[in-house]
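Engineer: Input entry_14.txt, format and content: compact mmCIF, C-alpha atoms.
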```
# COMPACT_ATOMS: atom_id res chain seq x y z
CA MET A 2 2.08 -28.58 -2.74
CA PHE A 3 -0.75 -26.96 -0.75
CA SER A 4 -1.37 -27.24 2.98
CA PRO A 5 -4.85 -28.02 4.35
CA GLU A 6 -5.17 -24.32 5.18
CA GLY A 7 -4.57 -23.37 1.56
CA PRO A 8 -7.09 -22.80 -1.25
CA GLY A 9 -8.99 -25.64 -2.89
CA LEU A 10 -9.19 -26.34 -6.61
CA ARG A 11 -12.44 -24.43 -6.99
CA GLU A 12 -10.96 -21.36 -5.32
CA LEU A 13 -7.89 -21.52 -7.57
CA ALA A 14 -10.11 -21.86 -10.65
CA VAL A 15 -12.10 -18.77 -9.68
CA GLN A 16 -8.88 -16.86 -9.09
CA ALA A 17 -7.44 -17.95 -12.44
CA LEU A 18 -10.51 -16.61 -14.24
CA SER A 19 -10.23 -13.21 -12.55
CA SER A 20 -7.97 -10.25 -13.18
CA VAL A 21 -4.59 -10.23 -11.45
CA GLU A 22 -5.80 -7.69 -8.89
CA HIS A 23 -9.11 -9.39 -8.08
CA GLY A 24 -7.55 -12.85 -8.19
CA TYR A 25 -5.09 -11.92 -5.48
CA ASP A 26 -7.80 -10.19 -3.46
CA LEU A 27 -9.60 -13.55 -3.42
CA LEU A 28 -6.47 -15.58 -2.66
CA ALA A 29 -5.06 -13.23 -0.01
CA PRO A 30 -6.45 -14.88 3.17
CA LYS A 31 -4.85 -18.22 2.18
CA PHE A 32 -1.88 -17.00 0.16
CA ASP A 33 0.72 -17.74 2.84
CA HIS A 34 -0.35 -21.41 2.74
CA THR A 35 0.44 -21.82 -0.98
CA PRO A 36 3.70 -22.57 -2.81
CA PHE A 37 3.39 -19.15 -4.48
CA ARG A 38 4.72 -17.46 -1.34
CA THR A 39 8.48 -16.93 -1.53
CA SER A 40 10.20 -19.59 0.54
CA GLY A 41 11.99 -18.84 3.77
CA ALA A 42 15.21 -20.21 2.28
CA VAL A 43 15.16 -17.57 -0.49
CA LEU A 44 14.28 -14.78 1.93
CA ASP A 45 17.04 -15.79 4.35
CA ALA A 46 19.63 -16.08 1.58
CA THR A 47 18.71 -12.62 0.30
CA THR A 48 18.95 -11.15 3.78
CA ARG A 49 22.44 -12.61 4.23
CA ALA A 50 23.54 -11.28 0.83
CA LEU A 51 22.28 -7.77 1.61
CA THR A 52 23.75 -7.61 5.10
CA GLY A 53 26.85 -5.47 4.99
CA LEU A 54 25.94 -3.68 1.74
CA GLY A 55 24.27 -0.79 3.59
CA PRO A 56 23.73 1.07 5.69
CA PHE A 57 20.15 1.39 4.44
CA ALA A 58 17.67 3.76 6.04
CA ARG A 59 14.46 3.35 4.01
CA GLY A 60 13.45 0.21 2.13
CA LEU A 61 10.75 -0.56 -0.46
CA ASP A 62 9.22 -3.99 -1.14
CA LEU A 63 7.89 -3.85 -4.71
CA CYS A 64 4.73 -5.97 -5.19
CA CYS A 65 4.93 -6.92 -1.52
CA GLY A 66 1.89 -9.21 -1.35
CA THR A 67 1.27 -10.24 2.24
CA GLY A 68 4.67 -8.94 3.29
CA ALA A 69 7.10 -11.86 3.38
CA GLY A 70 9.81 -9.66 1.87
CA MET A 71 9.17 -6.94 4.42
CA ASP A 72 11.02 -9.09 6.96
CA VAL A 73 14.11 -8.91 4.73
CA LEU A 74 13.88 -5.13 4.76
CA ARG A 75 13.37 -5.04 8.52
CA ALA A 76 16.64 -6.91 8.96
CA VAL A 77 18.71 -4.45 6.91
CA CYS A 78 16.88 -1.08 7.08
CA ALA A 79 17.10 1.15 10.12
CA ARG A 80 14.42 3.82 9.66
CA SER A 81 11.35 2.63 7.71
CA VAL A 82 10.09 -0.07 5.35
CA THR A 83 7.29 0.31 2.82
CA GLY A 84 5.34 -2.36 1.00
CA VAL A 85 3.54 -1.48 -2.22
CA ASP A 86 1.04 -3.74 -4.00
CA LEU A 87 -1.94 -3.45 -6.35
CA SER A 88 -4.10 -5.89 -4.38
CA ALA A 89 -6.00 -4.38 -1.46
CA GLY A 90 -6.64 -7.89 -0.15
CA MET A 91 -2.96 -8.78 -0.02
CA LEU A 92 -2.15 -5.50 1.71
CA ALA A 93 -4.89 -6.15 4.27
CA GLU A 94 -3.25 -9.48 5.10
CA GLY A 95 0.10 -7.74 5.38
CA ARG A 96 -1.31 -5.22 7.81
CA ARG A 97 -2.92 -8.03 9.79
CA ARG A 98 0.45 -9.82 10.02
CA GLU A 99 2.03 -6.55 11.10
CA ALA A 100 -0.55 -6.05 13.83
CA ALA A 101 0.04 -9.61 15.06
CA ARG A 102 3.73 -8.96 15.63
CA GLU A 103 4.65 -8.66 19.26
CA ALA A 104 3.76 -5.20 20.57
CA GLY A 105 6.86 -3.11 20.88
CA ALA A 106 8.97 -5.52 18.85
CA PRO A 107 12.13 -3.79 17.63
CA GLY A 108 12.39 -2.75 14.03
CA PRO A 109 11.69 0.12 11.65
CA ARG A 110 8.25 1.60 11.02
CA ALA A 111 6.23 -0.23 8.34
CA ASP A 112 3.88 1.38 5.82
CA TRP A 113 1.56 -0.38 3.34
CA VAL A 114 0.63 1.45 0.14
CA ARG A 115 -1.81 0.40 -2.58
CA ALA A 116 -0.35 1.37 -5.96
CA ASP A 117 0.60 0.03 -9.36
CA ALA A 118 4.32 -0.74 -9.57
CA ARG A 119 4.29 0.87 -13.02
CA ALA A 120 3.26 4.22 -11.49
CA LEU A 121 4.90 4.48 -8.08
CA PRO A 122 3.65 7.39 -5.94
CA PHE A 123 7.01 8.24 -4.37
CA GLY A 124 9.91 10.55 -4.94
CA PRO A 125 13.58 9.46 -4.72
CA VAL A 126 13.45 8.58 -1.01
CA PHE A 127 14.50 4.91 -0.75
CA ASP A 128 17.97 3.48 -0.18
CA LEU A 129 16.97 -0.10 -1.07
CA ALA A 130 14.22 -1.72 -3.12
CA VAL A 131 13.58 -5.46 -3.24
CA SER A 132 11.09 -7.71 -4.98
CA PHE A 133 10.29 -11.40 -4.65
CA GLY A 134 8.48 -13.56 -7.18
CA ALA A 135 6.47 -10.76 -8.80
CA PHE A 136 8.06 -10.23 -12.19
CA GLY A 137 6.04 -12.93 -13.94
CA HIS A 138 3.10 -10.52 -13.68
CA PHE A 139 4.76 -8.15 -16.13
CA LEU A 140 5.17 -8.74 -19.84
CA PRO A 141 8.74 -8.45 -21.16
CA ARG A 142 7.90 -5.22 -22.97
CA GLU A 143 6.87 -3.67 -19.62
CA LEU A 144 10.21 -4.24 -17.89
CA PRO A 145 12.01 -1.07 -19.11
CA ALA A 146 9.23 1.18 -17.78
CA LEU A 147 8.93 -0.85 -14.57
CA PHE A 148 12.65 -0.60 -13.85
CA ALA A 149 12.61 3.11 -14.70
CA GLN A 150 9.97 3.54 -11.99
CA VAL A 151 12.17 1.78 -9.45
CA HIS A 152 15.14 3.91 -10.53
CA SER A 153 13.06 7.07 -9.97
CA VAL A 154 12.23 6.25 -6.32
CA LEU A 155 15.78 5.39 -5.26
CA ARG A 156 18.16 7.95 -3.87
CA PRO A 157 21.51 8.37 -5.66
CA GLY A 158 23.56 5.30 -4.80
CA GLY A 159 20.41 3.35 -3.91
CA ARG A 160 20.17 -0.38 -4.64
CA PHE A 161 17.54 -2.54 -6.30
CA ALA A 162 17.97 -6.23 -5.40
CA PHE A 163 16.07 -9.41 -6.21
CA PRO A 164 16.88 -13.14 -6.29
CA LEU A 165 16.76 -15.01 -9.57
CA GLY A 166 16.98 -18.77 -9.92
CA ALA A 167 18.68 -20.52 -12.82
CA PRO A 168 16.21 -21.92 -15.36
CA PRO A 169 15.69 -25.68 -15.07
CA PRO A 170 17.47 -27.78 -17.71
CA PHE A 171 15.61 -29.26 -20.66
CA SER A 172 15.82 -32.70 -19.04
CA SER A 173 14.16 -31.57 -15.80
CA PRO A 174 10.47 -32.25 -15.07
CA TRP A 175 10.30 -28.66 -13.84
CA TYR A 176 11.18 -27.41 -17.34
CA TRP A 177 8.13 -29.14 -18.78
CA ALA A 178 5.89 -28.19 -15.86
CA LEU A 179 6.70 -24.50 -16.25
CA LEU A 180 6.40 -24.69 -20.02
CA GLY A 181 2.98 -26.31 -19.64
CA PHE A 182 1.85 -23.66 -17.16
CA ASP A 183 2.90 -20.81 -19.45
CA MET A 184 1.20 -22.41 -22.43
CA ALA A 185 -2.00 -22.88 -20.45
CA MET A 186 -1.92 -19.22 -19.38
CA ARG A 187 -1.46 -18.09 -22.98
CA VAL A 188 -4.48 -20.12 -24.05
CA ARG A 189 -6.51 -18.82 -21.10
CA ASN A 190 -5.62 -15.20 -21.93
CA ALA A 191 -6.45 -15.70 -25.60
CA LEU A 192 -9.92 -16.99 -24.75
CA TRP A 193 -10.91 -15.14 -21.57
CA ARG A 194 -11.06 -11.57 -20.35
CA PRO A 195 -9.82 -9.95 -18.23
CA PRO A 196 -6.32 -11.38 -18.68
CA PHE A 197 -4.37 -12.90 -15.81
CA VAL A 198 -0.72 -12.17 -16.52
CA MET A 199 1.51 -14.74 -14.83
CA TYR A 200 4.30 -16.41 -16.76
CA TYR A 201 7.30 -18.27 -15.35
CA ARG A 202 9.56 -18.36 -18.41
CA THR A 203 9.52 -14.76 -19.66
CA PHE A 204 11.85 -13.19 -17.06
CA ARG A 205 15.21 -14.08 -18.61
CA LEU A 206 18.49 -12.85 -17.18
CA GLY A 207 19.83 -11.33 -20.40
CA ASP A 208 16.63 -9.38 -21.02
CA VAL A 209 16.53 -8.29 -17.38
CA LEU A 210 20.07 -6.92 -17.44
CA ARG A 211 19.46 -5.02 -20.69
CA ALA A 212 16.30 -3.47 -19.24
CA LEU A 213 18.09 -2.49 -16.03
CA HIS A 214 20.94 -0.87 -17.97
CA GLY A 215 18.43 0.96 -20.13
CA ALA A 216 16.77 2.36 -16.99
CA GLY A 217 20.11 3.78 -15.83
CA PHE A 218 21.29 1.08 -13.42
CA ALA A 219 24.75 -0.41 -13.07
CA THR A 220 24.41 -4.13 -12.36
CA GLU A 221 26.26 -6.99 -10.77
CA LEU A 222 25.39 -10.60 -10.00
CA ARG A 223 26.16 -12.29 -6.70
CA ALA A 224 25.86 -16.04 -6.29
CA LEU A 225 23.61 -17.26 -3.48
CA PRO A 226 25.79 -20.11 -2.18
CA GLU A 227 22.96 -21.67 -0.18
CA PHE A 228 21.52 -23.13 -3.39
CA GLY A 229 24.70 -24.71 -4.74
CA ARG A 230 25.82 -24.94 -8.34
CA ARG A 231 24.68 -26.66 -11.49
CA PRO A 232 26.80 -29.35 -13.21
CA ASP A 233 28.37 -26.67 -15.44
CA GLY A 234 29.51 -24.72 -12.36
CA SER A 235 27.04 -21.85 -12.67
CA PRO A 236 25.08 -20.90 -9.53
CA ARG A 237 21.56 -22.21 -9.05
CA GLY A 238 20.57 -18.92 -7.47
CA ARG A 239 21.80 -15.36 -7.91
CA LEU A 240 21.09 -11.99 -6.39
CA VAL A 241 20.68 -9.36 -9.09
CA LEU A 242 22.03 -6.13 -7.63
CA ALA A 243 21.30 -2.92 -9.53
CA THR A 244 22.65 0.44 -8.36
CA ARG A 245 21.52 3.93 -9.20
CA ALA A 246 24.56 6.07 -9.88
CA ALA A 247 25.64 8.36 -7.05
CA VAL A 248 25.68 12.06 -7.89
```
Please re-express this file's structure in structure tokens.
Structural biologist:
Amino acid sequence: MFSPEGPGLRELAVQALSSVEHGYDLLAPKFDHTPFRTSGAVLDATTRALTGLGPFARGLDLCCGTGAGMDVLRAVCARSVTGVDLSAGMLAEGRRREAAREAGAPGPRADWVRADARALPFGPVFDLAVSFGAFGHFLPRELPALFAQVHSVLRPGGRFAFPLGAPPPFSSPWYWALLGFDMAMRVRNALWRPPFVMYYRTFRLGDVLRALHGAGFATELRALPEFGRRPDGSPRGRLVLATRAAV
């Protein structure tokens, strides 16, 4: 699962015994060589799904990490893209990646802002917000306030979009692997401080839609055809698309 350039077991253990912020500061230089980075297939599918929904001028990548999702925003936003994350280490890697891009490469201006997603330091200036793989760091009870923050920084008619995979079936090894991971994290957080909040099975579609509606969004689901369908015909991957009402 990890490349030779990725972290070793000792590094992962140290990260797991840290806070979320400090853990990602430690992991940041090697994060892009781990399976925790959102895959190119998911990023490309999201870009294709968002193309044509604009035009978008300003985009926000919520919990941007090292900036993989910023490339999605660059493809669909004309004026500027902003990444926000709590980890200074992850943002530093994002800025380094930005500096390594070819000088004069076309695309909107990029800004990197250190902030808590639960207290965003922006007014209603964005046309599009995206997020990739970050919601496991928030407890279910935090989602209404988190989504209210996103709603507050979008302009009227602005969109909030994120991919969501179908949960693995009971018979799948992935079901048991994710269950085991979440159980291990619960035990770790019961015995060790500070907590490291990262759960794979708490971000459920029904709860997500209710929280989005409660924050004032209208929602729709769009299948991501690149990932096919399950035996029951339901899509293996969806784009959740939430829209702030236009005035």
Engineer: Take atom CA of A:Val131 and atom CA of A:Gly70 and report the distance between them in Å, one decimal.
Structural biologist: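 According to the coordinates, atom CA of A:Val131 and atom CA of A:Gly70 are separated by 7.6 Å.
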Engineer: Using all atoms listed in the file, find the one residue out of A:Ala185, A:Ala130, A:Val82, A:Ala146 that sits nearest to A:Arg245.
Structural biologist: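 When distances to A:Arg245 are compared using all atoms listed in the file, the smallest one comes from A:Ala130.
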Engineer: Under the rule that only C-alpha atoms are counted, which of A:Phe161, A:Phe148, A:Tyr25, A:Phe32 is the nearest residue to A:Gly60?
Structural biologist: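 With only C-alpha atoms as the atom set, the closest residue is A:Phe161.
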Engineer: Report as JSON the centre and the edge lengths, in Å to one decimal, of the axis-aligned box holding every listed atom of stretch 193-196 of chain A, padded by 4 Å on each side.
Structural biologist:
```
{"center_x": -8.7, "center_y": -12.5, "center_z": -19.9, "size_x": 12.7, "size_y": 13.2, "size_z": 11.3}
```
Engineer: Can you list every residue of stretch 156-189 of chain A that has an atom at most 10 Å from stretch 200-217 of chain A, with its nearest atom pair and the distance in Å to one decimal, using all atoms listed in the file, ordered by chain then number, as a Markdown table?
Structural biologist:
```
| residue | atom | partner | partner_atom | distance |
| --- | --- | --- | --- | --- |
| A:Phe161 | CA | A:Leu213 | CA | 9.7 |
| A:Leu165 | CA | A:Leu206 | CA | 8.1 |
| A:Gly166 | CA | A:Leu206 | CA | 9.5 |
| A:Ala167 | CA | A:Leu206 | CA | 8.8 |
| A:Pro168 | CA | A:Arg202 | CA | 8.1 |
| A:Tyr176 | CA | A:Arg202 | CA | 9.3 |
| A:Leu179 | CA | A:Tyr201 | CA | 6.3 |
| A:Leu180 | CA | A:Arg202 | CA | 7.3 |
| A:Phe182 | CA | A:Tyr200 | CA | 7.7 |
| A:Asp183 | CA | A:Tyr200 | CA | 5.3 |
| A:Met184 | CA | A:Tyr200 | CA | 8.8 |
| A:Ala185 | CA | A:Tyr200 | CA | 9.8 |
| A:Met186 | CA | A:Tyr200 | CA | 7.3 |
| A:Arg187 | CA | A:Tyr200 | CA | 8.6 |
```
Engineer: Select, from A:Ala120, A:Val114, A:Ala76, A:Leu18, the residue with the minimum atom-to-atom distance to A:Arg189, counting all atoms listed in the file.
Structural biologist: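 Result for the nearest residue to A:Arg189: A:Leu18.
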Engineer: Mind giving me the straight-line distance from atom CA of A:Val188 to atom CA of A:Met91 in Å, one decimal?
Structural biologist: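 Going from atom CA of A:Val188 over to atom CA of A:Met91, I get 26.6 Å.
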Engineer: Counting all atoms listed in the file, select every polymer residue within 10 Å of (12.6, 5.1, -4.6) as defined in the file's coordinates, and provide the selection as a list in words.
Structural biologist: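 Those residues, ordered by chain and then number, are Arg59, Gly60, Leu61, Leu121, Pro122, Phe123, Gly124, Pro125, Val126, Phe127, Asp128, Leu129, Ala130, Gln150, Val151, His152, Ser153, Val154, Leu155, Arg156, Pro157, Gly159, Arg160 and Phe161 of chain A.
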Engineer: Keeping only C-alpha atoms, take the residues you just selected and write them out as an mmCIF file, in the frame of the given file.
Structural biologist:
```cif
data_model
loop_
_atom_site.group_PDB
_atom_site.id
_atom_site.type_symbol
_atom_site.label_atom_id
_atom_site.label_comp_id
_atom_site.auth_asym_id
_atom_site.auth_seq_id
_atom_site.Cartn_x
_atom_site.Cartn_y
_atom_site.Cartn_z
ATOM 1 C CA ARG A 59 14.460 3.350 4.010
ATOM 2 C CA GLY A 60 13.450 0.210 2.130
ATOM 3 C CA LEU A 61 10.750 -0.560 -0.460
ATOM 4 C CA LEU A 121 4.900 4.480 -8.080
ATOM 5 C CA PRO A 122 3.650 7.390 -5.940
ATOM 6 C CA PHE A 123 7.010 8.240 -4.370
ATOM 7 C CA GLY A 124 9.910 10.550 -4.940
ATOM 8 C CA PRO A 125 13.580 9.460 -4.720
ATOM 9 C CA VAL A 126 13.450 8.580 -1.010
ATOM 10 C CA PHE A 127 14.500 4.910 -0.750
ATOM 11 C CA ASP A 128 17.970 3.480 -0.180
ATOM 12 C CA LEU A 129 16.970 -0.100 -1.070
ATOM 13 C CA ALA A 130 14.220 -1.720 -3.120
ATOM 14 C CA GLN A 150 9.970 3.540 -11.990
ATOM 15 C CA VAL A 151 12.170 1.780 -9.450
ATOM 16 C CA HIS A 152 15.140 3.910 -10.530
ATOM 17 C CA SER A 153 13.060 7.070 -9.970
ATOM 18 C CA VAL A 154 12.230 6.250 -6.320
ATOM 19 C CA LEU A 155 15.780 5.390 -5.260
ATOM 20 C CA ARG A 156 18.160 7.950 -3.870
ATOM 21 C CA PRO A 157 21.510 8.370 -5.660
ATOM 22 C CA GLY A 159 20.410 3.350 -3.910
ATOM 23 C CA ARG A 160 20.170 -0.380 -4.640
ATOM 24 C CA PHE A 161 17.540 -2.540 -6.300
#
```
Engineer: In Å to one decimal, how far is atom CA of A:Val43 from atom CA of A:Ala17?
Structural biologist: 25.6 Å
Engineer: Could you name the residues that touch A:Asp233 at 12 Å or less, counting only C-alpha atoms, but leaving out those on the same chain fewer than 3 positions away, as a CSV table (one decimal) with C-alpha atoms, keeping the file's coordinate frame?
Structural biologist:
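Wrote around-v4.csv, looks like this:
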```
chain,number,residue,atom,x,y,z
A,167,ALA,CA,18.7,-20.5,-12.8
A,170,PRO,CA,17.5,-27.8,-17.7
A,229,GLY,CA,24.7,-24.7,-4.7
A,230,ARG,CA,25.8,-24.9,-8.3
A,236,PRO,CA,25.1,-20.9,-9.5
A,237,ARG,CA,21.6,-22.2,-9.0
```
Engineer: Contacts of A:Arg38 at 9 Å or less, counting all atoms listed in the file, minus same-chain residues fewer than 6 places along, as JSON, numbers by chain?
Structural biologist: {"A": [32, 66, 67, 69, 133, 134]}
Engineer: Determine the nearest neighbour of A:Arg115 from the options A:Leu74, A:Cys64, A:Ala162, A:Leu28, counting all atoms listed in the file.
Structural biologist: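 The answer is A:Cys64, which sits nearest to A:Arg115.
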Engineer: Taking (-10.4, -13.3, -12.0) in the file's own coordinates, collect the residues within 12 Å, counting all atoms listed in the file, and hand them back as an mmCIF file with C-alpha atoms, in the frame of the given file.
Structural biologist:
```cif
data_model
loop_
_atom_site.group_PDB
_atom_site.id
_atom_site.type_symbol
_atom_site.label_atom_id
_atom_site.label_comp_id
_atom_site.auth_asym_id
_atom_site.auth_seq_id
_atom_site.Cartn_x
_atom_site.Cartn_y
_atom_site.Cartn_z
ATOM 1 C CA GLU A 12 -10.960 -21.360 -5.320
ATOM 2 C CA LEU A 13 -7.890 -21.520 -7.570
ATOM 3 C CA ALA A 14 -10.110 -21.860 -10.650
ATOM 4 C CA VAL A 15 -12.100 -18.770 -9.680
ATOM 5 C CA GLN A 16 -8.880 -16.860 -9.090
ATOM 6 C CA ALA A 17 -7.440 -17.950 -12.440
ATOM 7 C CA LEU A 18 -10.510 -16.610 -14.240
ATOM 8 C CA SER A 19 -10.230 -13.210 -12.550
ATOM 9 C CA SER A 20 -7.970 -10.250 -13.180
ATOM 10 C CA VAL A 21 -4.590 -10.230 -11.450
ATOM 11 C CA GLU A 22 -5.800 -7.690 -8.890
ATOM 12 C CA HIS A 23 -9.110 -9.390 -8.080
ATOM 13 C CA GLY A 24 -7.550 -12.850 -8.190
ATOM 14 C CA TYR A 25 -5.090 -11.920 -5.480
ATOM 15 C CA ASP A 26 -7.800 -10.190 -3.460
ATOM 16 C CA LEU A 27 -9.600 -13.550 -3.420
ATOM 17 C CA LEU A 28 -6.470 -15.580 -2.660
ATOM 18 C CA ARG A 189 -6.510 -18.820 -21.100
ATOM 19 C CA ASN A 190 -5.620 -15.200 -21.930
ATOM 20 C CA TRP A 193 -10.910 -15.140 -21.570
ATOM 21 C CA ARG A 194 -11.060 -11.570 -20.350
ATOM 22 C CA PRO A 195 -9.820 -9.950 -18.230
ATOM 23 C CA PRO A 196 -6.320 -11.380 -18.680
ATOM 24 C CA PHE A 197 -4.370 -12.900 -15.810
ATOM 25 C CA VAL A 198 -0.720 -12.170 -16.520
#
```
Engineer: Which residues, written as a list in words, have at least one atom at most 7 Å from A:Thr220, with all atoms listed in the file counted and residues fewer than 4 positions away on the same chain left out?
Structural biologist: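 My reading of the contact set: Leu242, Ala243 and Thr244 of chain A.
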Engineer: Considering all atoms listed in the file, return as a list in words whatever protein or nucleic-acid residues lie within 8 Å of A:Gly84, sequence-local ones (same chain, fewer than 6 positions apart) excluded.
Structural biologist: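 Within the cut-off, the hits are Leu61, Asp62, Leu63, Cys64, Cys65, Gly68, Met71, Ala111, Asp112, Trp113 and Val114 of chain A.
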Engineer: Given the selection you just returned, output its residues as a file containing C-alpha atoms, formatted as a short mmCIF file (atom, residue, chain, number, x, y, z; two decimals), in the coordinates of the input.
Structural biologist:
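The resulting result05.cif:
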```
data_model
loop_
_atom_site.label_atom_id
_atom_site.label_comp_id
_atom_site.auth_asym_id
_atom_site.auth_seq_id
_atom_site.Cartn_x
_atom_site.Cartn_y
_atom_site.Cartn_z
CA LEU A 61 10.75 -0.56 -0.46
CA ASP A 62 9.22 -3.99 -1.14
CA LEU A 63 7.89 -3.85 -4.71
CA CYS A 64 4.73 -5.97 -5.19
CA CYS A 65 4.93 -6.92 -1.52
CA GLY A 68 4.67 -8.94 3.29
CA MET A 71 9.17 -6.94 4.42
CA ALA A 111 6.23 -0.23 8.34
CA ASP A 112 3.88 1.38 5.82
CA TRP A 113 1.56 -0.38 3.34
CA VAL A 114 0.63 1.45 0.14
#
```
Engineer: Would you please work out which residue, of A:Asp72, A:Asp33, A:Glu94, A:Asp86, is nearest to A:Ala116 when using all atoms listed in the file?
Structural biologist: A:Asp86
